[in-house]
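Taking it in order: structure first as structure tokens, then the write-up.
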Amino acid sequence: MGNQTLALCRAAPYGSALAREGIEAVLASAAMEQEVDLLFLGDGVFQLLDSQAPEAIEQKNLYRNLMALPIFGVEQLYVCQHSLEQRGIHPDQIQIPGAEISLVAKPGKLIAAYQCVLSF
Amino acid sequence: MSNLTVNGREIPLDKEGYLQDLDDWSRDVAEELAHAEKIELTNAHWEVIELLQEFYRQFELSPAMRPLVKFIGQRLGLEKGRSIYLMQLFPPSPAKVASKIAGLPKPTNCL
């Protein structure tokens with residue numbers, strides 16, 4: 001087993017370019033056969049909501065990009081349970097077909113298990 | 001290469017030959033783009049081109065090689081979801097060449 005990488009997605013989808021930069025880095029790594037898992041926490045959990053309407057600000061839909069993760073071979077997504085609760089988001093509201101979404105109560109413990117962590 | 005003339009109309013291309021405006025795409029444009037790549041489009045090519053466009057509508061991005069192979073495999077079966085098959089249709093770099101002909105942007109995660 002090679003280096004296992006975890007990408008932290010901490011930014012809201014359109015407030016800055018960070019969310020998109022992160023997803024693009026993950027997709028590029030996956031295309032190069034690198035194994036990457038994702039952890040959404042903080043405002044990053046907003047990226048997972050399917051009710052995004054970025055056409056109004058002439059942006060591409062980040063959620064559509066996230067839906068491509070399984071076909072790029074990224075199938076394990078972690079979501080910080082506390083971040084969801086703080087923002088009033090029910091776990092049923094976040095679904096990515098083909099990906100397994102696991103709620104995490106102790107993100108620190110998860111992060112510590114990875115050799116390489118990228119933060120976006 | 002900066003312009004493509006199709007049916008008397010000038011279609012602007014970027015420096016790598018991708019459409020500047022994705023709305024300019026048509027089947028005639030695809031034939032000309034393929035011609036520039038020395039590819040004669042057959043039904044097998046069109047099958048892949050149409051799936052690429054579906055991929056773009058669904059995910060709003062152009063696939064790199066690995067996801068392209070996987071997506072084609074899901075839709076057309078494992079016989080066609082192989083890099084060697086796509087390599088024969090769209091040499092030398094299927095993800096780039098087929099995206100170009102299908103009127104998609106260059107795959108950003110493709111080196």
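Each chain of the structure tokens is named A, B, ... in the order shown, its residues numbered from 1; ligands are numbered from 1 in display order.
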Exercise. Among chain A, which ones does DSSP place in alpha helix (DSSP H), written as a PyMOL selection string?
Worked result: chain A and resi 18-31+62-67+81-86+107-112
Find the residues of chain A that sit at most 10 Å from chain B; for each, write down the nearest two atoms and how far apart they are in Å, to one decimal. Count only C-alpha atoms. Sort by chain, then by number going up, and give it as CSV.
residue,atom,partner,partner_atom,distance
A:Glu24,CA,B:Asn109,CA,7.2
A:Ala25,CA,B:Asn109,CA,8.0
A:Val26,CA,B:Asn109,CA,9.4
A:Leu27,CA,B:Asn109,CA,6.8
A:Ala28,CA,B:Asn109,CA,4.5
A:Ser29,CA,B:Asn109,CA,8.2
A:Ala30,CA,B:Arg66,CA,8.6
A:Ala31,CA,B:Arg66,CA,6.0
A:Met32,CA,B:Arg66,CA,8.4
A:Glu33,CA,B:Arg66,CA,8.4
A:Lys60,CA,B:Glu60,CA,7.0
A:Asn61,CA,B:Glu60,CA,7.3
A:Leu62,CA,B:Glu60,CA,8.5
A:Tyr63,CA,B:Phe59,CA,8.3
A:Arg64,CA,B:Phe59,CA,4.6
A:Asn65,CA,B:Phe59,CA,5.1
A:Leu66,CA,B:Phe59,CA,7.9
A:Met67,CA,B:Phe59,CA,6.5
A:Ala68,CA,B:Phe59,CA,5.8
A:Leu69,CA,B:Pro67,CA,9.1
A:Pro70,CA,B:Pro67,CA,8.8
A:Ile71,CA,B:Pro67,CA,5.3
A:Phe72,CA,B:Pro67,CA,4.9
A:Gly73,CA,B:Pro67,CA,7.6
Next, dump the selected residues to file, keeping only C-alpha atoms, as a compact mmCIF listing (two decimals), in the first residue's frame.
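Okay, part39.txt is ready:
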# COMPACT_ATOMS: atom_id res chain seq x y z
CA GLU A 24 -9.14 19.93 -8.68
CA ALA A 25 -6.04 18.85 -6.78
CA VAL A 26 -7.87 15.72 -5.61
CA LEU A 27 -9.14 14.90 -9.11
CA ALA A 28 -5.67 15.43 -10.57
CA SER A 29 -4.11 13.15 -7.93
CA ALA A 30 -6.76 10.52 -8.57
CA ALA A 31 -6.12 10.70 -12.30
CA MET A 32 -2.46 9.95 -11.51
CA GLU A 33 -3.49 6.85 -9.57
CA LYS A 60 -19.47 26.18 -12.40
CA ASN A 61 -21.32 23.93 -10.03
CA LEU A 62 -18.91 22.49 -7.50
CA TYR A 63 -21.34 19.80 -6.41
CA ARG A 64 -21.35 18.43 -9.99
CA ASN A 65 -17.57 18.09 -9.75
CA LEU A 66 -17.92 16.27 -6.44
CA MET A 67 -20.31 13.82 -8.10
CA ALA A 68 -17.45 12.86 -10.42
CA LEU A 69 -15.26 11.71 -7.52
CA PRO A 70 -16.35 8.03 -7.63
CA ILE A 71 -15.62 7.76 -11.33
CA PHE A 72 -12.13 9.16 -10.63
CA GLY A 73 -11.74 6.38 -8.07
Exercise. Any idea what the distance is between atom CA of Leu38 of chain A and atom CA of Ala53 of chain A?
Worked result: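 These atoms are spaced 23.1 Å apart.
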Exercise. Between atom CA of Gly73 of chain B and atom CA of Thr42 of chain B, what is the distance, to one decimal in Å?
Worked result: 18.9 Å
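Counting only C-alpha atoms, the residue from B:Val29, B:Val97, B:Ala102, B:Ile72 that sits nearest to Pro12 of chain B is B:Val29.
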Near Tyr85 of chain B, within 12 Å and counting only C-alpha atoms, which residues show up once chain neighbours fewer than 3 positions away are dropped, as a short mmCIF file (atom, residue, chain, number, x, y, z; two decimals) with N, CA and C atoms, in the first residue's frame?
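Contents of selection.cif, freshly written:
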data_model
loop_
_atom_site.label_atom_id
_atom_site.label_comp_id
_atom_site.auth_asym_id
_atom_site.auth_seq_id
_atom_site.Cartn_x
_atom_site.Cartn_y
_atom_site.Cartn_z
N ALA B 44 -18.15 4.33 -34.22
CA ALA B 44 -17.46 4.03 -32.95
C ALA B 44 -16.94 5.32 -32.31
N HIS B 45 -16.45 6.24 -33.15
CA HIS B 45 -15.98 7.53 -32.61
C HIS B 45 -17.16 8.33 -32.05
N VAL B 48 -18.36 7.48 -28.61
CA VAL B 48 -17.50 8.00 -27.53
C VAL B 48 -17.70 9.52 -27.38
N LEU B 68 -12.33 8.44 -17.89
CA LEU B 68 -12.93 8.24 -19.21
C LEU B 68 -13.10 6.75 -19.48
N VAL B 69 -12.06 5.98 -19.22
CA VAL B 69 -12.11 4.53 -19.43
C VAL B 69 -13.23 3.92 -18.58
N ILE B 72 -16.78 5.00 -19.95
CA ILE B 72 -17.09 4.28 -21.20
C ILE B 72 -17.41 2.82 -20.87
N GLY B 73 -16.66 2.26 -19.97
CA GLY B 73 -16.90 0.87 -19.56
C GLY B 73 -18.28 0.68 -18.96
N LEU B 76 -20.76 1.40 -22.21
CA LEU B 76 -20.67 0.61 -23.45
C LEU B 76 -20.16 -0.81 -23.22
N GLY B 77 -19.85 -1.12 -21.97
CA GLY B 77 -19.35 -2.46 -21.67
C GLY B 77 -17.83 -2.49 -21.60
N LEU B 78 -17.34 -3.53 -20.94
CA LEU B 78 -15.91 -3.61 -20.65
C LEU B 78 -15.06 -3.77 -21.90
N GLU B 79 -15.66 -4.32 -22.97
CA GLU B 79 -14.92 -4.50 -24.21
C GLU B 79 -14.42 -3.14 -24.74
N LYS B 80 -15.27 -2.11 -24.56
CA LYS B 80 -14.90 -0.78 -25.07
C LYS B 80 -14.30 0.10 -23.98
N GLY B 81 -14.52 -0.27 -22.74
CA GLY B 81 -13.96 0.52 -21.64
C GLY B 81 -12.53 0.14 -21.35
N ARG B 82 -11.71 0.20 -22.39
CA ARG B 82 -10.30 -0.16 -22.24
C ARG B 82 -9.46 0.90 -22.92
N GLN B 88 -6.89 3.42 -29.99
CA GLN B 88 -7.01 3.15 -31.42
C GLN B 88 -7.91 4.19 -32.09
N LEU B 89 -8.96 4.61 -31.37
CA LEU B 89 -9.90 5.58 -31.95
C LEU B 89 -9.33 6.99 -31.96
N PHE B 90 -8.71 7.38 -30.85
CA PHE B 90 -8.27 8.77 -30.70
C PHE B 90 -6.79 8.85 -30.32
N PRO B 91 -5.90 8.44 -31.22
CA PRO B 91 -4.48 8.53 -30.89
C PRO B 91 -4.01 9.99 -30.92
N PRO B 92 -2.94 10.36 -30.22
CA PRO B 92 -2.17 9.48 -29.33
C PRO B 92 -2.61 9.60 -27.88
N SER B 93 -3.52 10.54 -27.59
CA SER B 93 -3.90 10.78 -26.21
C SER B 93 -5.42 10.93 -26.14
N PRO B 94 -6.12 9.80 -25.95
CA PRO B 94 -7.58 9.79 -26.11
C PRO B 94 -8.32 10.86 -25.30
#
Exercise. Pick the closest to Pro13 of chain A from A:Phe120, A:Tyr78, A:Gly88, A:Asp37: which is it, counting only C-alpha atoms?
Worked result: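 Distance minimum relative to Pro13 of chain A lands on A:Phe120.
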For this session: Pick out the residues sitting within 12 Å of Leu118 of chain A, and hand them over as a PyMOL selection string; count only C-alpha atoms, and ignore anything fewer than 4 positions along from it in its own chain.
Result: chain A and resi 4-10+18+21-23+25-26+29+36-40+111+114
Since we have the selection now, will you write its residues out, keeping C-alpha atoms, as a PDB file, in the first residue's frame?
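Written out: result.pdb:
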ATOM      1  CA  GLN A   4      -2.426   7.347   1.858  1.00  0.00           C
ATOM      2  CA  THR A   5      -3.446  10.981   1.553  1.00  0.00           C
ATOM      3  CA  LEU A   6      -6.273  12.847   3.205  1.00  0.00           C
ATOM      4  CA  ALA A   7      -7.534  16.124   1.745  1.00  0.00           C
ATOM      5  CA  LEU A   8      -9.286  18.440   4.161  1.00  0.00           C
ATOM      6  CA  CYS A   9     -12.093  20.447   2.559  1.00  0.00           C
ATOM      7  CA  ARG A  10     -12.722  23.313   4.938  1.00  0.00           C
ATOM      8  CA  LEU A  18     -10.081  27.322  -2.237  1.00  0.00           C
ATOM      9  CA  GLU A  21      -8.681  24.323  -6.005  1.00  0.00           C
ATOM     10  CA  GLY A  22      -8.941  21.516  -3.485  1.00  0.00           C
ATOM     11  CA  ILE A  23     -11.284  19.397  -5.591  1.00  0.00           C
ATOM     12  CA  ALA A  25      -6.043  18.850  -6.785  1.00  0.00           C
ATOM     13  CA  VAL A  26      -7.874  15.721  -5.605  1.00  0.00           C
ATOM     14  CA  SER A  29      -4.115  13.154  -7.928  1.00  0.00           C
ATOM     15  CA  VAL A  36      -6.919  10.199  -1.724  1.00  0.00           C
ATOM     16  CA  ASP A  37      -9.668  10.318   0.882  1.00  0.00           C
ATOM     17  CA  LEU A  38     -11.581  13.468   1.691  1.00  0.00           C
ATOM     18  CA  LEU A  39     -12.692  14.974   4.975  1.00  0.00           C
ATOM     19  CA  PHE A  40     -15.239  17.769   4.873  1.00  0.00           C
ATOM     20  CA  ILE A 111      -6.398  12.976  10.484  1.00  0.00           C
ATOM     21  CA  TYR A 114      -2.816   9.600   7.562  1.00  0.00           C
TER      22      TYR A 114
END
